[in-house]
Every structure is written in C-alpha cells, then in structure tokens.
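S.K.: Provided herewith is a single structure, encoded as structure tokens, for subsequent inquiry.
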Amino acid sequence: MKEQAAVPEPIPLDQLHFAMPPQHDSVEGERRYRQERLAGALRLFGRYGFEEGVAGLITVRDPEYPDCFWANPFGLPFRHLTVSDLIMVNEAGQVVEGRYHVNQAAFIIHSHVYRARPAVAAVAHTRSPHGRVLAALGEPLEPLTQDACAFFEDHALFDRYTGAVVDPAEARAVAAALGPYKALILRNHGLLTVGDSVDAAAWWFITMEQACHVQLAAKAAGRPVPIDRRSAVETRDQIGSDLAAWINYQALYEDITRSEPELLT
C-alpha cells in the first residue's frame with residue numbers, strides 16, 4: 001500500500017504579504033504618495049466612464065499645507081492624466097502650483113467640505129451614470145446587498161437642486177448635508193464621497209456607483225428584499241471603515257499602475 005504524502009506545513013501568517021497604509025518619513029514622500037494615488041484614481045474613473053466633458057473633480061489635501069489641495073486640471077481627460085499634470089490650489093480655489101486652471105464650480109464644494117471636515121483627506125465628485133439616475137429619483141441607497149450596507153445610515157441626500165454650485169452659501173449647504181457621513185447623493189446631480197485617503201474616497205465612489213446600479217436593476221426587476229436593520233448595521237461596522245475601503249482599493253490601484261505605468265510620471 002502506497003504511503004500517503006505528508007501534508008505541507010502552513011506558512012506562518014507573519015510571512016504572508018498583506019498591504020496596509022504606509023507610513024512616510026518625510027512630507028515630500030507623503031506628498032508624492034498622495035499625488036500618485038490621485039493620478040491612479042483619476043485614470044480609473046476615466047476607465048469606468050465617470051467623466052463627461054470638463055466635469056468631475058477628485059482632490060486630496062497636501063500633507064504640508066492642509067489648506068491646499070491637489071486636483072486634476074480643468075479640461076484634461078482623466079484617462080491620460082499623469083502625476084506631473086496635477087495642480088495644487090488653495091482654499092479659495094487659486095492655483096499655487098501647476099500649469100492649468102481648476103474646475104471652480106466643482107472645487108467650491110470640495111473646499112467647503114474640507115473646511116467642515118478637517119479629518120477628511122480626499123473628496124471625489126464626478127459624473128457616474130447610475131449615481132445620476134438615483135440622484136434624479138431623489139432616493140437614498142437602501143441596504144439591498146452586503147456592499148450597499150457600507151453606506152447604511154452613513155450617507156445623506158441633498159434634497160434640492162439649484163443649478164451648478166457657484167455660490168459659497170450653496171456649497172456650505174452641501175457640506176452641511178454631508179455632515180459626518182462618507183457619502184452624499186446630490187439630487188438631480190450625482191454622488192460625492194470622502195475619505196481619510198484618496199484610496200478610501202475613490203473606493204467609496206466606485207462601490208457606491210455599483211450599489212446604485214444594483215438598486216436600480218433590482219427595483220426594475222421586481223420587489224427587492226432589504227437587509228434588516230440589525231444585520232445592515234453589523235455589516236456596515238465590518239466593511240464600512242476607511243481602512244476597509246483602502247484595503248479593497250489596492251487591487252484596483254495595482255491594476256491601473258501595472259497596465260498604465262506612465263501615469264506615475
């Protein structure tokens with residue numbers, strides 16, 4: 001009778017790779033890291049079709065100057081942006097570094113969100129198709145799937161529309177509607193997400209757009225069964241943190257930087 005081969009010994013957990021947010025020894029290193037993540041997020045948003053004309057903005061705080069923010073330039077396509085294309089603007093929306101203008105109508109919202117939420121490091125607000133459909137219905141996200149539970153009682157609806165936001169008072173109202181939450185549905189407009197990193201803000205936007213798609217499809221197909229409140233809260237507590245968002249986002253960042261490494265130039 002043939003002897004059974006010995007079962008291989010498991011590899012110790014501390015020898016397996018598991019990515020966590022890095023720590024940086026210098027402001028310059030942290031700045032470069034944030035710029036690379038921003039350029040990667042913009043490329044991904046372009047790939048997913050979250051761009052229309054000159055609309056759309058993703059921003060991140062500068063680690064040295066907390067009242068200054070890196071942003072995508074006005075008018076340049078997301079799919080071709082590189083780190084060297086990024087601009088830095090101050091709280092008033094004035095360009096302090098770079099060669100291009102900033103989207104003023106979009107940035108005024110970002111500026112007031114940053115003012116109201118000092119712990120927020122990044123804001124994403126672009127044109128996504130299913131987010132705009134749900135916004136046109138004036139509906140919040142419902143806990144219909146596990147992924148949607150990340151937003152359960154952690155997003156808000158800005159339930160009015162007054163055109164493109166150029167008035168500081170209107171931008172303050174948007175920031176107030178966001179409150180302490182990770183995301184906002186702007187009625188007849190679209191989605192806005194925030195995070196303690198570019199990775200988190202970008203992940204929340206991407207997965208919120210998918211959750212909008214699922215909700216619209218489920219309601220078109222029949223009568224969806226929502227997850228009960230207790231389970232929705234437990235699930236949100238498991239998957240709804242910015243750290244969980246950062247971890248989820250890493251595969252997307254690896255994909256875009258491997259397939260389009262020139263974005264880092």
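Residues in the structure tokens are named by chain (A, B, ... in the order shown) and by number from 1 within that chain; ligands are numbered from 1 in the order shown.
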Do a neighbour search on stretch 72-85 of chain A at 12 Å with only C-alpha atoms, toss out local chain neighbours closer than 5 positions, and write the hits as a PyMOL selection string.
M.R.: chain A and resi 31-60+93+95+97-107+123-127+256-257+260-265
S.K.: Any idea what's packed within 6 Å of stretch 197-209 of chain A, counting only C-alpha atoms, ignoring anything in its chain fewer than 5 positions away? Could you give it as a list in words?
M.R.: Ala121, Ala122, Val123, Gly131, Asp242, Ala245, Trp246 and Tyr249 of chain A
S.K.: When distances are computed from only C-alpha atoms, which of A:Arg132, A:Pro21, A:Pro118, A:Ile108 shows the smallest separation from A:Leu216?
M.R.: A:Arg132
S.K.: Using only C-alpha atoms, which residue out of A:Arg187, A:Arg172, A:Arg223, A:His213 lies closest to A:Val113?
M.R.: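 Of A:Arg187, A:Arg172, A:Arg223, A:His213, the one nearest A:Val113, counting only C-alpha atoms, is A:Arg172.
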S.K.: Run DSSP on the backbone of this structure and report the residues of stretch 7-250 of chain A it assigns to alpha helix (DSSP H), as a CSV table (one decimal) with N, CA, C and O atoms, in the first residue's frame.
M.R.:
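The result, stored in part-v1.csv:
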chain,number,residue,atom,x,y,z
A,27,VAL,N,7.6,64.8,4.5
A,27,VAL,CA,6.4,65.4,3.8
A,27,VAL,C,6.5,65.2,2.3
A,27,VAL,O,5.5,64.9,1.7
A,28,GLU,N,7.7,65.2,1.8
A,28,GLU,CA,7.9,65.0,0.4
A,28,GLU,C,7.4,63.6,-0.1
A,28,GLU,O,6.8,63.5,-1.1
A,29,GLY,N,7.8,62.6,0.8
A,29,GLY,CA,7.4,61.3,0.4
A,29,GLY,C,5.9,61.1,0.5
A,29,GLY,O,5.3,60.4,-0.3
A,30,GLU,N,5.3,61.7,1.5
A,30,GLU,CA,3.8,61.6,1.7
A,30,GLU,C,3.1,62.4,0.5
A,30,GLU,O,2.1,61.9,0.0
A,31,ARG,N,3.7,63.5,0.1
A,31,ARG,CA,3.1,64.3,-1.0
A,31,ARG,C,3.1,63.4,-2.3
A,31,ARG,O,2.1,63.4,-3.0
A,32,ARG,N,4.3,62.9,-2.6
A,32,ARG,CA,4.4,62.1,-3.8
A,32,ARG,C,3.4,60.9,-3.8
A,32,ARG,O,2.8,60.6,-4.8
A,33,TYR,N,3.3,60.3,-2.6
A,33,TYR,CA,2.4,59.1,-2.5
A,33,TYR,C,0.9,59.6,-2.8
A,33,TYR,O,0.2,58.9,-3.6
A,34,ARG,N,0.5,60.7,-2.2
A,34,ARG,CA,-0.8,61.2,-2.4
A,34,ARG,C,-1.0,61.6,-3.9
A,34,ARG,O,-2.1,61.3,-4.5
A,35,GLN,N,0.0,62.2,-4.5
A,35,GLN,CA,-0.1,62.5,-5.9
A,35,GLN,C,-0.3,61.3,-6.8
A,35,GLN,O,-1.1,61.2,-7.7
A,36,GLU,N,0.5,60.2,-6.5
A,36,GLU,CA,0.4,59.0,-7.3
A,36,GLU,C,-1.0,58.3,-7.1
A,36,GLU,O,-1.6,57.9,-8.1
A,37,ARG,N,-1.5,58.3,-5.9
A,37,ARG,CA,-2.8,57.7,-5.7
A,37,ARG,C,-3.9,58.6,-6.4
A,37,ARG,O,-4.8,58.0,-6.9
A,38,LEU,N,-3.7,59.9,-6.4
A,38,LEU,CA,-4.7,60.7,-7.1
A,38,LEU,C,-4.7,60.5,-8.6
A,38,LEU,O,-5.8,60.3,-9.2
A,39,ALA,N,-3.5,60.4,-9.2
A,39,ALA,CA,-3.4,60.2,-10.6
A,39,ALA,C,-4.0,58.8,-11.0
A,39,ALA,O,-4.7,58.6,-12.0
A,40,GLY,N,-3.7,57.8,-10.1
A,40,GLY,CA,-4.3,56.5,-10.3
A,40,GLY,C,-5.8,56.5,-10.3
A,40,GLY,O,-6.5,55.8,-11.1
A,41,ALA,N,-6.4,57.2,-9.3
A,41,ALA,CA,-7.8,57.2,-9.1
A,41,ALA,C,-8.5,57.9,-10.3
A,41,ALA,O,-9.5,57.5,-10.8
A,42,LEU,N,-7.9,59.0,-10.8
A,42,LEU,CA,-8.4,59.7,-12.0
A,42,LEU,C,-8.4,58.8,-13.2
A,42,LEU,O,-9.4,58.7,-14.0
A,43,ARG,N,-7.3,58.0,-13.4
A,43,ARG,CA,-7.3,57.1,-14.5
A,43,ARG,C,-8.4,56.0,-14.4
A,43,ARG,O,-9.0,55.7,-15.4
A,44,LEU,N,-8.6,55.5,-13.2
A,44,LEU,CA,-9.6,54.5,-13.0
A,44,LEU,C,-11.0,55.1,-13.3
A,44,LEU,O,-11.8,54.5,-14.0
A,45,PHE,N,-11.2,56.3,-12.8
A,45,PHE,CA,-12.5,56.9,-13.1
A,45,PHE,C,-12.8,57.1,-14.5
A,45,PHE,O,-13.9,57.0,-15.1
A,46,GLY,N,-11.7,57.5,-15.3
A,46,GLY,CA,-11.8,57.6,-16.7
A,46,GLY,C,-12.1,56.3,-17.4
A,46,GLY,O,-13.0,56.2,-18.3
A,47,ARG,N,-11.5,55.2,-16.9
A,47,ARG,CA,-11.7,53.9,-17.4
A,47,ARG,C,-13.2,53.5,-17.2
A,47,ARG,O,-13.8,52.8,-18.1
A,48,TYR,N,-13.7,53.8,-16.1
A,48,TYR,CA,-15.1,53.4,-15.7
A,48,TYR,C,-16.2,54.3,-16.3
A,48,TYR,O,-17.4,54.1,-16.1
A,104,GLN,N,-13.7,75.5,-11.1
A,104,GLN,CA,-14.1,76.3,-9.9
A,104,GLN,C,-15.5,75.9,-9.4
A,104,GLN,O,-15.7,75.8,-8.2
A,105,ALA,N,-16.4,75.5,-10.2
A,105,ALA,CA,-17.7,75.1,-9.8
A,105,ALA,C,-17.7,73.9,-8.9
A,105,ALA,O,-18.4,73.7,-7.9
A,106,ALA,N,-16.8,72.9,-9.3
A,106,ALA,CA,-16.6,71.7,-8.5
A,106,ALA,C,-15.8,72.0,-7.3
A,106,ALA,O,-16.1,71.4,-6.2
A,107,PHE,N,-14.8,72.8,-7.4
A,107,PHE,CA,-13.9,72.9,-6.3
A,107,PHE,C,-14.5,73.7,-5.1
A,107,PHE,O,-14.2,73.4,-3.9
A,108,ILE,N,-15.4,74.6,-5.4
A,108,ILE,CA,-16.1,75.3,-4.3
A,108,ILE,C,-16.8,74.4,-3.3
A,108,ILE,O,-16.8,74.6,-2.1
A,109,ILE,N,-17.3,73.3,-3.8
A,109,ILE,CA,-17.9,72.3,-3.0
A,109,ILE,C,-16.9,71.6,-2.2
A,109,ILE,O,-17.0,71.4,-0.9
A,110,HIS,N,-15.8,71.1,-2.8
A,110,HIS,CA,-14.7,70.4,-2.1
A,110,HIS,C,-14.1,71.3,-1.0
A,110,HIS,O,-13.9,70.8,0.1
A,111,SER,N,-13.9,72.6,-1.3
A,111,SER,CA,-13.3,73.5,-0.4
A,111,SER,C,-14.2,73.6,0.9
A,111,SER,O,-13.6,73.5,2.0
A,112,HIS,N,-15.5,73.7,0.8
A,112,HIS,CA,-16.3,73.8,1.9
A,112,HIS,C,-16.5,72.4,2.7
A,112,HIS,O,-16.6,72.4,3.9
A,113,VAL,N,-16.4,71.3,1.9
A,113,VAL,CA,-16.4,70.0,2.6
A,113,VAL,C,-15.1,69.9,3.5
A,113,VAL,O,-15.1,69.5,4.6
A,114,TYR,N,-13.9,70.3,2.9
A,114,TYR,CA,-12.7,70.2,3.7
A,114,TYR,C,-12.8,71.1,4.9
A,114,TYR,O,-12.3,70.8,6.0
A,115,ARG,N,-13.3,72.3,4.7
A,115,ARG,CA,-13.4,73.2,5.8
A,115,ARG,C,-14.3,72.6,7.0
A,115,ARG,O,-14.0,72.8,8.1
A,116,ALA,N,-15.4,72.0,6.6
A,116,ALA,CA,-16.3,71.4,7.6
A,116,ALA,C,-15.8,70.1,8.2
A,116,ALA,O,-16.2,69.8,9.3
A,129,PRO,N,-22.9,57.2,-14.3
A,129,PRO,CA,-24.3,57.1,-14.8
A,129,PRO,C,-25.3,56.7,-13.8
A,129,PRO,O,-26.4,57.3,-13.7
A,130,HIS,N,-25.1,55.6,-13.1
A,130,HIS,CA,-26.1,55.1,-12.2
A,130,HIS,C,-26.3,56.0,-10.9
A,130,HIS,O,-27.4,56.1,-10.4
A,131,GLY,N,-25.3,56.6,-10.5
A,131,GLY,CA,-25.4,57.6,-9.4
A,131,GLY,C,-26.3,58.8,-9.8
A,131,GLY,O,-27.1,59.2,-9.0
A,132,ARG,N,-26.2,59.2,-11.1
A,132,ARG,CA,-27.0,60.3,-11.5
A,132,ARG,C,-28.5,59.8,-11.7
A,132,ARG,O,-29.4,60.6,-11.4
A,133,VAL,N,-28.7,58.6,-12.1
A,133,VAL,CA,-30.1,58.1,-12.2
A,133,VAL,C,-30.7,58.1,-10.8
A,133,VAL,O,-31.9,58.6,-10.6
A,134,LEU,N,-30.0,57.5,-9.8
A,134,LEU,CA,-30.6,57.5,-8.4
A,134,LEU,C,-30.8,58.9,-7.9
A,134,LEU,O,-31.8,59.2,-7.2
A,135,ALA,N,-29.9,59.8,-8.2
A,135,ALA,CA,-30.0,61.2,-7.8
A,135,ALA,C,-31.2,61.9,-8.5
A,135,ALA,O,-31.9,62.7,-7.9
A,136,ALA,N,-31.5,61.5,-9.7
A,136,ALA,CA,-32.7,62.0,-10.4
A,136,ALA,C,-34.0,61.6,-9.8
A,136,ALA,O,-35.0,62.3,-9.8
A,137,LEU,N,-33.9,60.4,-9.2
A,137,LEU,CA,-35.1,59.9,-8.4
A,137,LEU,C,-35.2,60.5,-7.0
A,137,LEU,O,-36.3,60.4,-6.4
A,168,PRO,N,-21.0,80.4,-2.5
A,168,PRO,CA,-20.4,79.8,-1.3
A,168,PRO,C,-21.5,79.3,-0.3
A,168,PRO,O,-21.3,78.3,0.4
A,169,ALA,N,-22.6,80.0,-0.2
A,169,ALA,CA,-23.7,79.6,0.7
A,169,ALA,C,-24.3,78.3,0.3
A,169,ALA,O,-24.6,77.4,1.1
A,170,GLU,N,-24.4,78.0,-1.0
A,170,GLU,CA,-24.9,76.7,-1.5
A,170,GLU,C,-23.9,75.6,-1.2
A,170,GLU,O,-24.2,74.5,-0.9
A,171,ALA,N,-22.6,76.0,-1.4
A,171,ALA,CA,-21.5,75.0,-1.1
A,171,ALA,C,-21.5,74.6,0.3
A,171,ALA,O,-21.3,73.5,0.7
A,172,ARG,N,-21.7,75.6,1.2
A,172,ARG,CA,-21.8,75.3,2.7
A,172,ARG,C,-23.0,74.4,3.0
A,172,ARG,O,-22.9,73.6,3.8
A,173,ALA,N,-24.1,74.6,2.2
A,173,ALA,CA,-25.3,73.8,2.5
A,173,ALA,C,-25.0,72.4,2.1
A,173,ALA,O,-25.5,71.4,2.7
A,174,VAL,N,-24.2,72.2,1.0
A,174,VAL,CA,-23.9,70.8,0.6
A,174,VAL,C,-23.0,70.2,1.6
A,174,VAL,O,-23.2,69.0,2.0
A,175,ALA,N,-22.0,70.9,2.1
A,175,ALA,CA,-21.1,70.4,3.2
A,175,ALA,C,-21.9,70.0,4.5
A,175,ALA,O,-21.7,69.0,5.1
A,176,ALA,N,-22.9,70.9,4.8
A,176,ALA,CA,-23.7,70.6,6.0
A,176,ALA,C,-24.6,69.4,5.8
A,176,ALA,O,-24.8,68.6,6.7
A,177,ALA,N,-25.1,69.2,4.6
A,177,ALA,CA,-25.9,68.0,4.3
A,177,ALA,C,-25.1,66.7,4.4
A,177,ALA,O,-25.5,65.7,4.8
A,178,LEU,N,-23.8,66.8,3.9
A,178,LEU,CA,-22.9,65.6,4.1
A,178,LEU,C,-22.7,65.3,5.6
A,178,LEU,O,-22.7,64.1,5.9
A,198,VAL,N,-7.0,59.1,-0.5
A,198,VAL,CA,-7.5,59.1,-1.9
A,198,VAL,C,-8.1,57.7,-2.1
A,198,VAL,O,-9.2,57.6,-2.7
A,199,ASP,N,-7.5,56.7,-1.6
A,199,ASP,CA,-7.9,55.3,-1.9
A,199,ASP,C,-9.3,55.1,-1.3
A,199,ASP,O,-10.2,54.5,-1.9
A,200,ALA,N,-9.5,55.6,-0.1
A,200,ALA,CA,-10.9,55.4,0.5
A,200,ALA,C,-11.9,56.2,-0.2
A,200,ALA,O,-13.0,55.6,-0.5
A,201,ALA,N,-11.7,57.5,-0.5
A,201,ALA,CA,-12.7,58.3,-1.2
A,201,ALA,C,-13.0,57.7,-2.6
A,201,ALA,O,-14.2,57.6,-3.0
A,202,ALA,N,-12.0,57.2,-3.3
A,202,ALA,CA,-12.2,56.6,-4.6
A,202,ALA,C,-13.0,55.3,-4.5
A,202,ALA,O,-13.9,55.0,-5.3
A,203,TRP,N,-12.6,54.4,-3.5
A,203,TRP,CA,-13.3,53.2,-3.3
A,203,TRP,C,-14.8,53.4,-3.0
A,203,TRP,O,-15.7,52.8,-3.6
A,204,TRP,N,-15.1,54.4,-2.1
A,204,TRP,CA,-16.4,54.6,-1.8
A,204,TRP,C,-17.2,55.1,-3.0
A,204,TRP,O,-18.4,54.7,-3.2
A,205,PHE,N,-16.6,55.9,-3.8
A,205,PHE,CA,-17.3,56.4,-5.0
A,205,PHE,C,-17.6,55.2,-6.0
A,205,PHE,O,-18.7,55.0,-6.4
A,206,ILE,N,-16.6,54.4,-6.2
A,206,ILE,CA,-16.8,53.2,-7.1
A,206,ILE,C,-17.8,52.3,-6.6
A,206,ILE,O,-18.7,51.8,-7.4
A,207,THR,N,-17.7,51.9,-5.4
A,207,THR,CA,-18.7,50.9,-4.9
A,207,THR,C,-20.1,51.5,-4.6
A,207,THR,O,-21.1,50.8,-4.8
A,208,MET,N,-20.1,52.8,-4.4
A,208,MET,CA,-21.5,53.4,-4.3
A,208,MET,C,-22.1,53.5,-5.7
A,208,MET,O,-23.4,53.2,-5.8
A,209,GLU,N,-21.4,53.8,-6.7
A,209,GLU,CA,-21.9,53.7,-8.0
A,209,GLU,C,-22.5,52.3,-8.4
A,209,GLU,O,-23.5,52.2,-8.9
A,210,GLN,N,-21.7,51.3,-8.0
A,210,GLN,CA,-22.2,49.9,-8.2
A,210,GLN,C,-23.4,49.6,-7.4
A,210,GLN,O,-24.4,49.0,-7.9
A,211,ALA,N,-23.5,50.1,-6.2
A,211,ALA,CA,-24.7,49.9,-5.4
A,211,ALA,C,-25.9,50.6,-6.0
A,211,ALA,O,-27.0,50.1,-5.9
A,212,CYS,N,-25.7,51.8,-6.5
A,212,CYS,CA,-26.8,52.5,-7.2
A,212,CYS,C,-27.3,51.6,-8.4
A,212,CYS,O,-28.5,51.5,-8.6
A,213,HIS,N,-26.4,51.1,-9.1
A,213,HIS,CA,-26.7,50.2,-10.3
A,213,HIS,C,-27.6,49.0,-9.8
A,213,HIS,O,-28.6,48.7,-10.4
A,214,VAL,N,-27.1,48.4,-8.8
A,214,VAL,CA,-27.8,47.2,-8.3
A,214,VAL,C,-29.2,47.6,-7.8
A,214,VAL,O,-30.2,46.9,-8.1
A,215,GLN,N,-29.3,48.7,-7.1
A,215,GLN,CA,-30.6,49.1,-6.6
A,215,GLN,C,-31.6,49.4,-7.7
A,215,GLN,O,-32.8,48.9,-7.7
A,216,LEU,N,-31.1,50.1,-8.7
A,216,LEU,CA,-32.0,50.4,-9.8
A,216,LEU,C,-32.4,49.1,-10.6
A,216,LEU,O,-33.6,49.0,-11.0
A,217,ALA,N,-31.5,48.2,-10.8
A,217,ALA,CA,-31.8,47.0,-11.5
A,217,ALA,C,-32.7,46.1,-10.7
A,217,ALA,O,-33.7,45.5,-11.3
A,218,ALA,N,-32.5,46.0,-9.4
A,218,ALA,CA,-33.4,45.2,-8.5
A,218,ALA,C,-34.8,45.7,-8.5
A,218,ALA,O,-35.8,44.9,-8.6
A,219,LYS,N,-35.0,47.0,-8.4
A,219,LYS,CA,-36.3,47.6,-8.4
A,219,LYS,C,-37.0,47.5,-9.8
A,219,LYS,O,-38.2,47.3,-9.9
A,220,ALA,N,-36.2,47.5,-10.8
A,220,ALA,CA,-36.8,47.3,-12.2
A,220,ALA,C,-37.2,45.9,-12.4
A,220,ALA,O,-38.2,45.6,-13.1
A,221,ALA,N,-36.5,45.0,-11.7
A,221,ALA,CA,-36.8,43.5,-11.9
A,221,ALA,C,-38.0,43.0,-11.1
A,221,ALA,O,-38.6,42.1,-11.4
A,229,ARG,N,-32.3,45.9,9.7
A,229,ARG,CA,-31.5,47.0,10.2
A,229,ARG,C,-30.3,46.4,11.0
A,229,ARG,O,-29.2,46.9,10.9
A,230,ARG,N,-30.6,45.5,11.9
A,230,ARG,CA,-29.5,45.0,12.8
A,230,ARG,C,-28.4,44.4,11.9
A,230,ARG,O,-27.2,44.6,12.2
A,231,SER,N,-28.7,43.6,10.9
A,231,SER,CA,-27.7,43.0,10.1
A,231,SER,C,-27.0,44.0,9.2
A,231,SER,O,-25.8,44.0,9.0
A,232,ALA,N,-27.8,45.1,8.8
A,232,ALA,CA,-27.2,46.1,8.0
A,232,ALA,C,-26.1,46.9,8.8
A,232,ALA,O,-25.0,47.2,8.3
A,233,VAL,N,-26.5,47.2,10.1
A,233,VAL,CA,-25.5,47.9,10.9
A,233,VAL,C,-24.3,47.1,11.2
A,233,VAL,O,-23.2,47.6,11.2
A,234,GLU,N,-24.5,45.8,11.5
A,234,GLU,CA,-23.3,44.9,11.7
A,234,GLU,C,-22.4,44.8,10.5
A,234,GLU,O,-21.2,44.8,10.6
A,235,THR,N,-23.0,44.7,9.4
A,235,THR,CA,-22.3,44.6,8.1
A,235,THR,C,-21.5,45.9,7.9
A,235,THR,O,-20.3,45.9,7.5
A,236,ARG,N,-22.2,47.1,8.1
A,236,ARG,CA,-21.5,48.4,7.9
A,236,ARG,C,-20.3,48.5,8.9
A,236,ARG,O,-19.2,49.0,8.5
A,237,ASP,N,-20.5,48.0,10.1
A,237,ASP,CA,-19.3,48.1,11.0
A,237,ASP,C,-18.2,47.2,10.6
A,237,ASP,O,-17.0,47.5,11.0
A,238,GLN,N,-18.5,46.1,9.8
A,238,GLN,CA,-17.4,45.2,9.4
A,238,GLN,C,-16.7,45.8,8.1
A,238,GLN,O,-15.5,45.7,8.0
A,239,ILE,N,-17.5,46.4,7.2
A,239,ILE,CA,-16.9,46.7,5.9
A,239,ILE,C,-16.9,48.2,5.6
A,239,ILE,O,-16.4,48.6,4.5
A,242,ASP,N,-12.8,53.4,6.6
A,242,ASP,CA,-11.9,53.9,5.6
A,242,ASP,C,-10.8,52.9,5.4
A,242,ASP,O,-10.2,52.8,4.3
A,243,LEU,N,-10.4,52.2,6.5
A,243,LEU,CA,-9.3,51.2,6.3
A,243,LEU,C,-9.8,50.1,5.5
A,243,LEU,O,-9.1,49.6,4.6
A,244,ALA,N,-11.0,49.6,5.7
A,244,ALA,CA,-11.6,48.6,4.8
A,244,ALA,C,-11.6,49.0,3.4
A,244,ALA,O,-11.4,48.3,2.4
A,245,ALA,N,-12.0,50.3,3.2
A,245,ALA,CA,-12.0,50.9,1.8
A,245,ALA,C,-10.6,50.9,1.2
A,245,ALA,O,-10.4,50.5,0.0
A,246,TRP,N,-9.6,51.3,2.0
A,246,TRP,CA,-8.3,51.3,1.5
A,246,TRP,C,-7.8,49.9,1.0
A,246,TRP,O,-7.2,49.8,0.0
A,247,ILE,N,-8.1,48.9,1.9
A,247,ILE,CA,-7.7,47.6,1.5
A,247,ILE,C,-8.4,47.1,0.3
A,247,ILE,O,-7.8,46.5,-0.6
A,248,ASN,N,-9.7,47.4,0.2
A,248,ASN,CA,-10.4,46.9,-1.0
A,248,ASN,C,-9.9,47.6,-2.3
A,248,ASN,O,-9.9,47.0,-3.4
A,249,TYR,N,-9.4,48.8,-2.2
A,249,TYR,CA,-9.0,49.6,-3.3
A,249,TYR,C,-7.6,49.1,-3.9
A,249,TYR,O,-7.3,49.4,-5.1
A,250,GLN,N,-6.8,48.4,-3.1
A,250,GLN,CA,-5.5,48.1,-3.6
A,250,GLN,C,-5.4,47.3,-4.9
A,250,GLN,O,-4.5,47.6,-5.7
S.K.: Counting only C-alpha atoms, which of A:Ile11, A:Val89, A:Leu186, A:Val194 gets nearest to A:Arg117?
M.R.: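 Of the candidates, the smallest distance to A:Arg117 is held by A:Val194.
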S.K.: So how far away is atom CA of A:Phe18 from atom CA of A:Asp62, in Å?
M.R.: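 Atom-to-atom, atom CA of A:Asp62 and atom CA of A:Phe18 are spaced 26.7 Å apart.
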S.K.: Could you tell me how far atom CA of A:Leu13 lies from atom CA of A:Glu254, in Å and to one decimal?
M.R.: 22.3 Å
S.K.: Can you tell me how far atom CA of A:Leu86 sits from atom CA of A:Phe69, in Å to one decimal?
M.R.: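 One can read the atom CA of A:Leu86 to atom CA of A:Phe69 distance as 10.1 Å.
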S.K.: I need the residues of stretch 64-111 of chain A that end up classed as strand (DSSP E) by DSSP on the backbone, written out as an NGL selection string.
M.R.: :A and (68-71 or 87-90 or 95-97)
S.K.: So that I have them on file, write out the residues from the current selection with N, CA, C and O atoms, as a PDB file, in the first residue's frame.
M.R.:
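Once everything was written out, this is result25.pdb:
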ATOM      1  N   CYS A  68      -4.299  73.580   1.353  1.00  0.00           N
ATOM      2  CA  CYS A  68      -4.047  73.475  -0.081  1.00  0.00           C
ATOM      3  C   CYS A  68      -4.346  72.051  -0.525  1.00  0.00           C
ATOM      4  O   CYS A  68      -4.200  71.101   0.251  1.00  0.00           O
ATOM      5  N   PHE A  69      -4.738  71.899  -1.792  1.00  0.00           N
ATOM      6  CA  PHE A  69      -5.252  70.621  -2.249  1.00  0.00           C
ATOM      7  C   PHE A  69      -4.774  70.323  -3.672  1.00  0.00           C
ATOM      8  O   PHE A  69      -4.777  71.204  -4.528  1.00  0.00           O
ATOM      9  N   TRP A  70      -4.377  69.074  -3.907  1.00  0.00           N
ATOM     10  CA  TRP A  70      -4.004  68.627  -5.237  1.00  0.00           C
ATOM     11  C   TRP A  70      -5.266  68.200  -5.974  1.00  0.00           C
ATOM     12  O   TRP A  70      -6.157  67.586  -5.398  1.00  0.00           O
ATOM     13  N   ALA A  71      -5.328  68.547  -7.266  1.00  0.00           N
ATOM     14  CA  ALA A  71      -6.542  68.293  -8.047  1.00  0.00           C
ATOM     15  C   ALA A  71      -6.187  68.003  -9.494  1.00  0.00           C
ATOM     16  O   ALA A  71      -5.081  68.301  -9.955  1.00  0.00           O
ATOM     17  N   ILE A  87      -2.425  69.799 -10.332  1.00  0.00           N
ATOM     18  CA  ILE A  87      -2.243  71.169  -9.862  1.00  0.00           C
ATOM     19  C   ILE A  87      -2.549  71.225  -8.367  1.00  0.00           C
ATOM     20  O   ILE A  87      -3.264  70.375  -7.834  1.00  0.00           O
ATOM     21  N   MET A  88      -1.980  72.226  -7.699  1.00  0.00           N
ATOM     22  CA  MET A  88      -2.312  72.467  -6.291  1.00  0.00           C
ATOM     23  C   MET A  88      -3.024  73.806  -6.191  1.00  0.00           C
ATOM     24  O   MET A  88      -2.582  74.803  -6.773  1.00  0.00           O
ATOM     25  N   VAL A  89      -4.135  73.814  -5.468  1.00  0.00           N
ATOM     26  CA  VAL A  89      -4.920  75.035  -5.303  1.00  0.00           C
ATOM     27  C   VAL A  89      -5.106  75.321  -3.819  1.00  0.00           C
ATOM     28  O   VAL A  89      -5.096  74.403  -2.988  1.00  0.00           O
ATOM     29  N   ASN A  90      -5.269  76.601  -3.491  1.00  0.00           N
ATOM     30  CA  ASN A  90      -5.524  76.949  -2.100  1.00  0.00           C
ATOM     31  C   ASN A  90      -7.024  76.878  -1.813  1.00  0.00           C
ATOM     32  O   ASN A  90      -7.828  76.555  -2.691  1.00  0.00           O
ATOM     33  N   VAL A  95      -4.814  78.677  -8.076  1.00  0.00           N
ATOM     34  CA  VAL A  95      -3.745  77.724  -8.382  1.00  0.00           C
ATOM     35  C   VAL A  95      -2.431  78.248  -7.821  1.00  0.00           C
ATOM     36  O   VAL A  95      -2.025  79.380  -8.109  1.00  0.00           O
ATOM     37  N   VAL A  96      -1.767  77.437  -7.020  1.00  0.00           N
ATOM     38  CA  VAL A  96      -0.476  77.826  -6.433  1.00  0.00           C
ATOM     39  C   VAL A  96       0.669  76.983  -6.983  1.00  0.00           C
ATOM     40  O   VAL A  96       1.837  77.316  -6.772  1.00  0.00           O
ATOM     41  N   GLU A  97       0.330  75.908  -7.687  1.00  0.00           N
ATOM     42  CA  GLU A  97       1.360  75.109  -8.356  1.00  0.00           C
ATOM     43  C   GLU A  97       0.713  74.390  -9.534  1.00  0.00           C
ATOM     44  O   GLU A  97      -0.369  73.809  -9.401  1.00  0.00           O
TER      45      GLU A  97
END
S.K.: Go through A:Gln94, A:Ser259, A:Thr193, A:Gln23 one by one, measure the shortest atom-to-atom distance of each to A:Val120 using only C-alpha atoms, and give the residue with the smallest value.
M.R.: A:Thr193
